[in-house]
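Novice: What follows is a single structure, and I will ask about it in a moment.
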Amino acid sequence: MGDVARLAGVSSQTVSRVSNGEPNVTEEKRERVRAAMAELGYRPNSAARAMRRGAFNTIGVIYHSLHPVGNHRTLEAISEAAAAQGYATTLLPLDASSQTAANGAFTRLSEMTVDAAIVILPSHFIEDTRRTELPVGVPIVVLGPPLIDGATSLDFDNSVGTREAIEHLLSLGHQTVHHIAGPAESFSANSREQVWREVLQENSRRIPEPTRGDWSPNSGYLVTKELLERERPTALFVANDQMALGAQRALLEAGLTIPGNVSIIGFDNLDEAVAFPTPLSSVAQDWEVLGRDALDAALEEIGGGSARSFTIPTRLILRDSTGPAPSPGSASDL
């Protein structure tokens, strides 16, 4: 603490106040102290922080949007798991999708009575760790790739389920698999696209130009219509189930049958997947497990545990939307 005080040009008492998120510190001094802490790699012990300020029994959750189904279900799981452990949850929604907004939320966390924080943000919010201003003395659990040093990260292993999906379609005789990808700024979307490319390349198959949606059913519908104007796929791997729903509609409107003419696999394994016009084969992610594991990781760090990174497996669930490749003449894969 003394080194931080000397580098920042303030008293040790000021460093202590900033560490504990206490008031009565000017913003200019607060920024100097945070900069010094970052430069020196100083992170106050969270257990000592709790002893000084008392256990708050509250977990902060930073999120940008609950529109993606996964975010909503993960947040529900976090809240339920926290309540079962006697913890409340405090939500910090972001109004803007920017690094500045994320840093502002992190700053607010350091001034709130929370024991730890769970971050549900798109990876591009925090991908530049040089610009990420983590709160001092608050354990952080990031739901996503391990981008931030000193923060625990949990993420789904997209590779296993994606690989199973593409290999299954190829095993059915499809010469290649077209892909409807998610937003370019999404780490998950890019991860699924990368594995899709790898599997096709490993099997010496043509890699079609992917189309890209925004996770919504309407975007899946529109990009599938555009794809059908260029060529006639026999197999589609779609980056989420909601876009796959839109893709099914576009295929059916074009007079194509599923899976007779086109096989399709989604990602997420939504409960509604069984009620699609053709029950959808999908790669399953267990958001309830993600939420519970995130809460457990936060509690471990509150108790003095070290930050770590781990993944949760995904798996392919087969339903009625996949089948053998159509015979030549019934559909052509250009």
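Chain labels A, B, ... are given in the sequence in which chains occur in the structure tokens; within each chain residues are numbered consecutively from 1, and ligands are likewise numbered from 1 in the order shown.
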Check the DSSP output for the backbone and give back, as a tab-separated table (two decimals) with N, CA and C atoms, in the first residue's frame, the residues of region 59-305 of chain A in helix (DSSP H, G or I).

Specialist:
```tsv
chain	number	residue	atom	x	y	z
A	69	VAL	N	-31.34	-15.05	-25.31
A	69	VAL	CA	-31.98	-15.97	-24.38
A	69	VAL	C	-30.99	-16.46	-23.33
A	70	GLY	N	-29.76	-16.72	-23.75
A	70	GLY	CA	-28.76	-17.24	-22.82
A	70	GLY	C	-28.47	-16.30	-21.68
A	71	ASN	N	-28.39	-15.00	-21.97
A	71	ASN	CA	-28.13	-14.02	-20.91
A	71	ASN	C	-29.24	-14.03	-19.87
A	72	HIS	N	-30.47	-14.07	-20.34
A	72	HIS	CA	-31.62	-14.05	-19.44
A	72	HIS	C	-31.63	-15.27	-18.53
A	73	ARG	N	-31.40	-16.44	-19.13
A	73	ARG	CA	-31.45	-17.67	-18.34
A	73	ARG	C	-30.25	-17.78	-17.39
A	74	THR	N	-29.10	-17.27	-17.83
A	74	THR	CA	-27.92	-17.28	-16.96
A	74	THR	C	-28.15	-16.39	-15.75
A	75	LEU	N	-28.71	-15.21	-15.97
A	75	LEU	CA	-28.98	-14.29	-14.87
A	75	LEU	C	-29.97	-14.90	-13.88
A	76	GLU	N	-30.99	-15.57	-14.39
A	76	GLU	CA	-31.94	-16.23	-13.50
A	76	GLU	C	-31.24	-17.29	-12.64
A	77	ALA	N	-30.34	-18.05	-13.28
A	77	ALA	CA	-29.63	-19.11	-12.55
A	77	ALA	C	-28.71	-18.52	-11.48
A	78	ILE	N	-28.05	-17.40	-11.82
A	78	ILE	CA	-27.18	-16.74	-10.83
A	78	ILE	C	-28.01	-16.28	-9.63
A	79	SER	N	-29.14	-15.64	-9.90
A	79	SER	CA	-29.98	-15.11	-8.83
A	79	SER	C	-30.51	-16.23	-7.94
A	80	GLU	N	-30.94	-17.33	-8.55
A	80	GLU	CA	-31.47	-18.45	-7.77
A	80	GLU	C	-30.38	-19.10	-6.93
A	81	ALA	N	-29.19	-19.29	-7.53
A	81	ALA	CA	-28.09	-19.91	-6.79
A	81	ALA	C	-27.63	-19.01	-5.66
A	82	ALA	N	-27.60	-17.70	-5.91
A	82	ALA	CA	-27.19	-16.75	-4.88
A	82	ALA	C	-28.17	-16.77	-3.71
A	83	ALA	N	-29.46	-16.75	-4.03
A	83	ALA	CA	-30.47	-16.76	-2.97
A	83	ALA	C	-30.35	-18.02	-2.11
A	84	ALA	N	-30.05	-19.15	-2.77
A	84	ALA	CA	-29.92	-20.40	-2.02
A	84	ALA	C	-28.74	-20.36	-1.05
A	99	GLN	N	-16.49	0.32	-24.39
A	99	GLN	CA	-15.50	0.10	-23.34
A	99	GLN	C	-15.68	1.11	-22.21
A	100	THR	N	-16.01	2.36	-22.55
A	100	THR	CA	-16.20	3.39	-21.54
A	100	THR	C	-17.35	3.04	-20.60
A	101	ALA	N	-18.44	2.52	-21.18
A	101	ALA	CA	-19.58	2.13	-20.36
A	101	ALA	C	-19.21	0.99	-19.42
A	102	ALA	N	-18.45	0.03	-19.93
A	102	ALA	CA	-18.02	-1.09	-19.09
A	102	ALA	C	-17.15	-0.60	-17.94
A	103	ASN	N	-16.20	0.28	-18.25
A	103	ASN	CA	-15.33	0.81	-17.20
A	103	ASN	C	-16.12	1.59	-16.17
A	104	GLY	N	-17.15	2.32	-16.63
A	104	GLY	CA	-17.99	3.05	-15.69
A	104	GLY	C	-18.71	2.12	-14.73
A	105	ALA	N	-19.16	0.97	-15.25
A	105	ALA	CA	-19.83	0.00	-14.39
A	105	ALA	C	-18.85	-0.60	-13.39
A	106	PHE	N	-17.62	-0.89	-13.85
A	106	PHE	CA	-16.61	-1.40	-12.94
A	106	PHE	C	-16.30	-0.39	-11.84
A	107	THR	N	-16.25	0.88	-12.21
A	107	THR	CA	-15.99	1.93	-11.22
A	107	THR	C	-17.10	1.97	-10.18
A	108	ARG	N	-18.35	1.88	-10.63
A	108	ARG	CA	-19.48	1.89	-9.69
A	108	ARG	C	-19.41	0.70	-8.74
A	109	LEU	N	-18.95	-0.44	-9.27
A	109	LEU	CA	-18.84	-1.63	-8.42
A	109	LEU	C	-17.95	-1.38	-7.22
A	110	SER	N	-16.82	-0.70	-7.46
A	110	SER	CA	-15.86	-0.48	-6.39
A	110	SER	C	-16.43	0.43	-5.30
A	123	SER	N	-17.71	-9.96	-25.60
A	123	SER	CA	-16.25	-9.96	-25.40
A	123	SER	C	-15.60	-8.68	-25.88
A	124	HIS	N	-16.19	-7.99	-26.88
A	124	HIS	CA	-15.52	-6.79	-27.39
A	124	HIS	C	-15.56	-5.64	-26.38
A	125	PHE	N	-16.41	-5.75	-25.35
A	125	PHE	CA	-16.42	-4.72	-24.30
A	125	PHE	C	-15.13	-4.71	-23.51
A	129	THR	N	-7.47	-5.37	-22.70
A	129	THR	CA	-7.26	-5.34	-21.26
A	129	THR	C	-6.52	-4.09	-20.81
A	130	ARG	N	-5.81	-3.43	-21.72
A	130	ARG	CA	-5.11	-2.20	-21.35
A	130	ARG	C	-6.09	-1.08	-21.03
A	131	ARG	N	-7.31	-1.19	-21.55
A	131	ARG	CA	-8.31	-0.14	-21.33
A	131	ARG	C	-9.37	-0.56	-20.32
A	158	ASN	N	-17.25	-24.18	-27.10
A	158	ASN	CA	-17.97	-24.22	-28.37
A	158	ASN	C	-17.43	-25.29	-29.31
A	159	SER	N	-16.17	-25.64	-29.15
A	159	SER	CA	-15.51	-26.49	-30.14
A	159	SER	C	-16.10	-27.90	-30.19
A	160	VAL	N	-16.39	-28.49	-29.03
A	160	VAL	CA	-16.84	-29.88	-29.01
A	160	VAL	C	-18.18	-30.03	-29.72
A	161	GLY	N	-19.17	-29.23	-29.32
A	161	GLY	CA	-20.49	-29.34	-29.93
A	161	GLY	C	-20.49	-28.97	-31.40
A	162	THR	N	-19.74	-27.92	-31.76
A	162	THR	CA	-19.67	-27.51	-33.16
A	162	THR	C	-19.06	-28.62	-34.01
A	163	ARG	N	-17.99	-29.19	-33.52
A	163	ARG	CA	-17.33	-30.27	-34.26
A	163	ARG	C	-18.29	-31.45	-34.44
A	164	GLU	N	-19.00	-31.82	-33.39
A	164	GLU	CA	-19.97	-32.91	-33.49
A	164	GLU	C	-21.02	-32.61	-34.56
A	165	ALA	N	-21.48	-31.36	-34.60
A	165	ALA	CA	-22.53	-30.98	-35.56
A	165	ALA	C	-22.04	-31.11	-37.00
A	166	ILE	N	-20.87	-30.55	-37.30
A	166	ILE	CA	-20.38	-30.58	-38.67
A	166	ILE	C	-20.03	-32.00	-39.09
A	167	GLU	N	-19.38	-32.74	-38.22
A	167	GLU	CA	-19.01	-34.12	-38.55
A	167	GLU	C	-20.25	-34.98	-38.76
A	168	HIS	N	-21.31	-34.72	-37.99
A	168	HIS	CA	-22.55	-35.48	-38.18
A	168	HIS	C	-23.14	-35.21	-39.56
A	169	LEU	N	-23.18	-33.95	-39.97
A	169	LEU	CA	-23.73	-33.63	-41.29
A	169	LEU	C	-22.89	-34.24	-42.41
A	170	LEU	N	-21.59	-34.21	-42.27
A	170	LEU	CA	-20.74	-34.83	-43.29
A	170	LEU	C	-20.93	-36.34	-43.33
A	171	SER	N	-21.15	-36.94	-42.17
A	171	SER	CA	-21.36	-38.39	-42.12
A	171	SER	C	-22.64	-38.81	-42.81
A	187	PHE	N	-17.52	-13.17	-29.60
A	187	PHE	CA	-16.49	-14.21	-29.46
A	187	PHE	C	-17.09	-15.58	-29.72
A	188	SER	N	-18.28	-15.85	-29.19
A	188	SER	CA	-18.91	-17.15	-29.38
A	188	SER	C	-19.17	-17.43	-30.85
A	189	ALA	N	-19.70	-16.42	-31.55
A	189	ALA	CA	-19.97	-16.60	-32.98
A	189	ALA	C	-18.69	-16.89	-33.74
A	190	ASN	N	-17.65	-16.15	-33.44
A	190	ASN	CA	-16.38	-16.36	-34.14
A	190	ASN	C	-15.77	-17.71	-33.81
A	191	SER	N	-15.93	-18.16	-32.57
A	191	SER	CA	-15.41	-19.46	-32.18
A	191	SER	C	-16.11	-20.58	-32.95
A	192	ARG	N	-17.43	-20.50	-33.07
A	192	ARG	CA	-18.18	-21.52	-33.80
A	192	ARG	C	-17.82	-21.51	-35.27
A	193	GLU	N	-17.66	-20.31	-35.83
A	193	GLU	CA	-17.28	-20.22	-37.24
A	193	GLU	C	-15.89	-20.81	-37.47
A	194	GLN	N	-14.98	-20.55	-36.57
A	194	GLN	CA	-13.62	-21.07	-36.72
A	194	GLN	C	-13.60	-22.60	-36.73
A	195	VAL	N	-14.33	-23.22	-35.80
A	195	VAL	CA	-14.36	-24.68	-35.74
A	195	VAL	C	-15.05	-25.24	-36.98
A	196	TRP	N	-16.12	-24.61	-37.44
A	196	TRP	CA	-16.79	-25.02	-38.68
A	196	TRP	C	-15.78	-25.05	-39.83
A	197	ARG	N	-14.98	-24.00	-39.96
A	197	ARG	CA	-13.96	-23.96	-41.01
A	197	ARG	C	-12.94	-25.09	-40.84
A	198	GLU	N	-12.50	-25.28	-39.60
A	198	GLU	CA	-11.47	-26.29	-39.34
A	198	GLU	C	-11.94	-27.68	-39.73
A	199	VAL	N	-13.18	-28.02	-39.36
A	199	VAL	CA	-13.68	-29.37	-39.65
A	199	VAL	C	-13.81	-29.58	-41.15
A	200	LEU	N	-14.33	-28.59	-41.87
A	200	LEU	CA	-14.43	-28.73	-43.32
A	200	LEU	C	-13.05	-28.88	-43.95
A	201	GLN	N	-12.11	-28.09	-43.48
A	201	GLN	CA	-10.75	-28.16	-44.03
A	201	GLN	C	-10.11	-29.51	-43.73
A	202	GLU	N	-10.29	-30.01	-42.51
A	202	GLU	CA	-9.73	-31.31	-42.15
A	202	GLU	C	-10.29	-32.43	-43.03
A	217	PRO	N	-34.47	-14.29	-35.10
A	217	PRO	CA	-35.11	-15.12	-36.12
A	217	PRO	C	-35.23	-14.41	-37.46
A	218	ASN	N	-35.54	-13.11	-37.43
A	218	ASN	CA	-35.71	-12.38	-38.69
A	218	ASN	C	-34.42	-12.33	-39.49
A	219	SER	N	-33.30	-12.16	-38.80
A	219	SER	CA	-32.03	-12.13	-39.52
A	219	SER	C	-31.72	-13.49	-40.13
A	220	GLY	N	-32.06	-14.57	-39.42
A	220	GLY	CA	-31.86	-15.90	-39.99
A	220	GLY	C	-32.71	-16.11	-41.22
A	221	TYR	N	-33.92	-15.58	-41.19
A	221	TYR	CA	-34.83	-15.67	-42.34
A	221	TYR	C	-34.26	-14.91	-43.54
A	222	LEU	N	-33.82	-13.69	-43.31
A	222	LEU	CA	-33.36	-12.84	-44.41
A	222	LEU	C	-32.07	-13.38	-45.04
A	223	VAL	N	-31.11	-13.79	-44.21
A	223	VAL	CA	-29.84	-14.24	-44.80
A	223	VAL	C	-30.01	-15.59	-45.50
A	224	THR	N	-30.96	-16.40	-45.04
A	224	THR	CA	-31.22	-17.66	-45.74
A	224	THR	C	-31.85	-17.40	-47.10
A	225	LYS	N	-32.77	-16.45	-47.18
A	225	LYS	CA	-33.35	-16.08	-48.47
A	225	LYS	C	-32.25	-15.59	-49.42
A	226	GLU	N	-31.33	-14.78	-48.90
A	226	GLU	CA	-30.22	-14.31	-49.74
A	226	GLU	C	-29.35	-15.47	-50.20
A	227	LEU	N	-29.09	-16.41	-49.30
A	227	LEU	CA	-28.27	-17.57	-49.66
A	227	LEU	C	-28.93	-18.38	-50.76
A	228	LEU	N	-30.23	-18.59	-50.67
A	228	LEU	CA	-30.94	-19.40	-51.66
A	228	LEU	C	-30.97	-18.74	-53.03
A	229	GLU	N	-30.79	-17.44	-53.08
A	229	GLU	CA	-30.72	-16.76	-54.37
A	229	GLU	C	-29.40	-17.05	-55.07
A	230	ARG	N	-28.36	-17.42	-54.30
A	230	ARG	CA	-27.04	-17.68	-54.87
A	230	ARG	C	-26.82	-19.15	-55.18
A	241	ASP	N	-30.25	-21.04	-32.25
A	241	ASP	CA	-31.55	-21.63	-32.60
A	241	ASP	C	-32.52	-20.59	-33.13
A	242	GLN	N	-32.45	-19.37	-32.62
A	242	GLN	CA	-33.41	-18.36	-33.08
A	242	GLN	C	-33.20	-18.03	-34.56
A	243	MET	N	-31.96	-17.92	-34.99
A	243	MET	CA	-31.72	-17.72	-36.42
A	243	MET	C	-32.11	-18.97	-37.21
A	244	ALA	N	-31.94	-20.15	-36.60
A	244	ALA	CA	-32.33	-21.39	-37.27
A	244	ALA	C	-33.83	-21.43	-37.51
A	245	LEU	N	-34.61	-20.86	-36.58
A	245	LEU	CA	-36.06	-20.79	-36.77
A	245	LEU	C	-36.39	-19.97	-38.01
A	246	GLY	N	-35.74	-18.81	-38.15
A	246	GLY	CA	-35.95	-18.00	-39.35
A	246	GLY	C	-35.48	-18.70	-40.60
A	247	ALA	N	-34.38	-19.45	-40.50
A	247	ALA	CA	-33.88	-20.19	-41.65
A	247	ALA	C	-34.88	-21.25	-42.08
A	248	GLN	N	-35.49	-21.94	-41.12
A	248	GLN	CA	-36.50	-22.94	-41.47
A	248	GLN	C	-37.65	-22.31	-42.24
A	249	ARG	N	-38.09	-21.16	-41.80
A	249	ARG	CA	-39.19	-20.48	-42.50
A	249	ARG	C	-38.81	-20.18	-43.94
A	250	ALA	N	-37.60	-19.65	-44.15
A	250	ALA	CA	-37.16	-19.31	-45.51
A	250	ALA	C	-37.08	-20.55	-46.38
A	251	LEU	N	-36.59	-21.65	-45.83
A	251	LEU	CA	-36.48	-22.89	-46.60
A	251	LEU	C	-37.86	-23.41	-46.99
A	252	LEU	N	-38.79	-23.39	-46.04
A	252	LEU	CA	-40.14	-23.88	-46.32
A	252	LEU	C	-40.85	-23.00	-47.34
A	253	GLU	N	-40.66	-21.68	-47.25
A	253	GLU	CA	-41.27	-20.77	-48.23
A	253	GLU	C	-40.72	-21.02	-49.63
A	271	ASP	N	-35.61	-24.63	-25.32
A	271	ASP	CA	-36.75	-25.49	-25.03
A	271	ASP	C	-37.71	-25.54	-26.21
A	272	GLU	N	-37.81	-24.41	-26.93
A	272	GLU	CA	-38.75	-24.32	-28.05
A	272	GLU	C	-38.29	-25.10	-29.27
A	273	ALA	N	-37.04	-25.59	-29.28
A	273	ALA	CA	-36.52	-26.28	-30.46
A	273	ALA	C	-37.35	-27.50	-30.84
A	274	VAL	N	-37.96	-28.13	-29.85
A	274	VAL	CA	-38.78	-29.31	-30.14
A	274	VAL	C	-40.09	-28.93	-30.82
A	275	ALA	N	-40.48	-27.65	-30.75
A	275	ALA	CA	-41.74	-27.19	-31.32
A	275	ALA	C	-41.56	-26.46	-32.65
A	287	TRP	N	-27.18	-23.18	-19.61
A	287	TRP	CA	-27.01	-21.88	-18.97
A	287	TRP	C	-27.23	-21.95	-17.46
A	288	GLU	N	-28.08	-22.89	-17.03
A	288	GLU	CA	-28.28	-23.03	-15.59
A	288	GLU	C	-26.98	-23.46	-14.91
A	289	VAL	N	-26.26	-24.38	-15.53
A	289	VAL	CA	-24.97	-24.79	-14.98
A	289	VAL	C	-23.99	-23.62	-15.00
A	290	LEU	N	-23.99	-22.85	-16.10
A	290	LEU	CA	-23.11	-21.69	-16.19
A	290	LEU	C	-23.37	-20.71	-15.05
A	291	GLY	N	-24.64	-20.42	-14.81
A	291	GLY	CA	-24.98	-19.48	-13.75
A	291	GLY	C	-24.59	-19.99	-12.37
A	292	ARG	N	-24.87	-21.26	-12.10
A	292	ARG	CA	-24.52	-21.83	-10.79
A	292	ARG	C	-23.01	-21.88	-10.60
A	293	ASP	N	-22.29	-22.29	-11.65
A	293	ASP	CA	-20.83	-22.35	-11.54
A	293	ASP	C	-20.22	-20.96	-11.36
A	294	ALA	N	-20.82	-19.97	-12.01
A	294	ALA	CA	-20.32	-18.59	-11.86
A	294	ALA	C	-20.48	-18.13	-10.41
A	295	LEU	N	-21.62	-18.43	-9.83
A	295	LEU	CA	-21.84	-18.04	-8.43
A	295	LEU	C	-20.88	-18.78	-7.51
A	296	ASP	N	-20.68	-20.08	-7.76
A	296	ASP	CA	-19.74	-20.85	-6.94
A	296	ASP	C	-18.32	-20.28	-7.04
A	297	ALA	N	-17.92	-19.90	-8.26
A	297	ALA	CA	-16.58	-19.33	-8.45
A	297	ALA	C	-16.43	-18.01	-7.70
A	298	ALA	N	-17.49	-17.19	-7.72
A	298	ALA	CA	-17.45	-15.92	-6.99
A	298	ALA	C	-17.31	-16.16	-5.49
A	299	LEU	N	-18.06	-17.14	-4.98
A	299	LEU	CA	-17.99	-17.43	-3.54
A	299	LEU	C	-16.61	-17.97	-3.15
A	300	GLU	N	-16.01	-18.76	-4.06
A	300	GLU	CA	-14.66	-19.27	-3.78
A	300	GLU	C	-13.67	-18.12	-3.64
A	301	GLU	N	-13.77	-17.14	-4.52
A	301	GLU	CA	-12.84	-16.01	-4.45
A	301	GLU	C	-13.11	-15.15	-3.22
A	302	ILE	N	-14.37	-14.99	-2.87
A	302	ILE	CA	-14.68	-14.25	-1.64
A	302	ILE	C	-14.01	-14.92	-0.44
```

Novice: Quick one: everything within 7 Å of region 279-282 of chain A, counting only C-alpha atoms, minus sequence neighbours fewer than 3 positions away in the same chain. Send it as a VMD selection string.

Specialist: chain A and resid 265 to 269 273 to 276 316 to 322

Novice: Based on DSSP run over this structure's backbone, return all residues of region 54-248 of chain A in strand (DSSP E or B), as a VMD selection string.

Specialist: chain A and resid 58 to 63 88 to 93 116 to 120 140 to 143 152 to 157 178 to 181 211 to 212 235 to 238

Novice: Please report the interatomic distance between CA of Thr211 (chain A) and CA of Pro324 (chain A) in Å with one decimal.

Specialist: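 For CA of Thr211 (chain A) relative to CA of Pro324 (chain A), the distance reads 23.2 Å.
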
Novice: Of the candidates A:Val18, A:Val119, A:Val33, A:Ala325, which one gets nearest to Ser65 (chain A) if we count only C-alpha atoms?

Specialist: A:Val119

Novice: State, in Å with one decimal place, the distance from CA of Ile59 (chain A) to CA of Val114 (chain A).

Specialist: 5.5 Å

Novice: Between CA of Val177 (chain A) and CA of Leu143 (chain A), what is the spacing in Å?

Specialist: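 Going from CA of Leu143 (chain A) over to CA of Val177 (chain A), I get 29.3 Å.
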
Novice: A:Ile258, A:Val142, A:Ala5, A:Ile118: which is nearest Phe310 (chain A), counting only C-alpha atoms?

Specialist: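 Ranking A:Ile258, A:Val142, A:Ala5, A:Ile118 by distance to Phe310 (chain A), first place goes to A:Val142.
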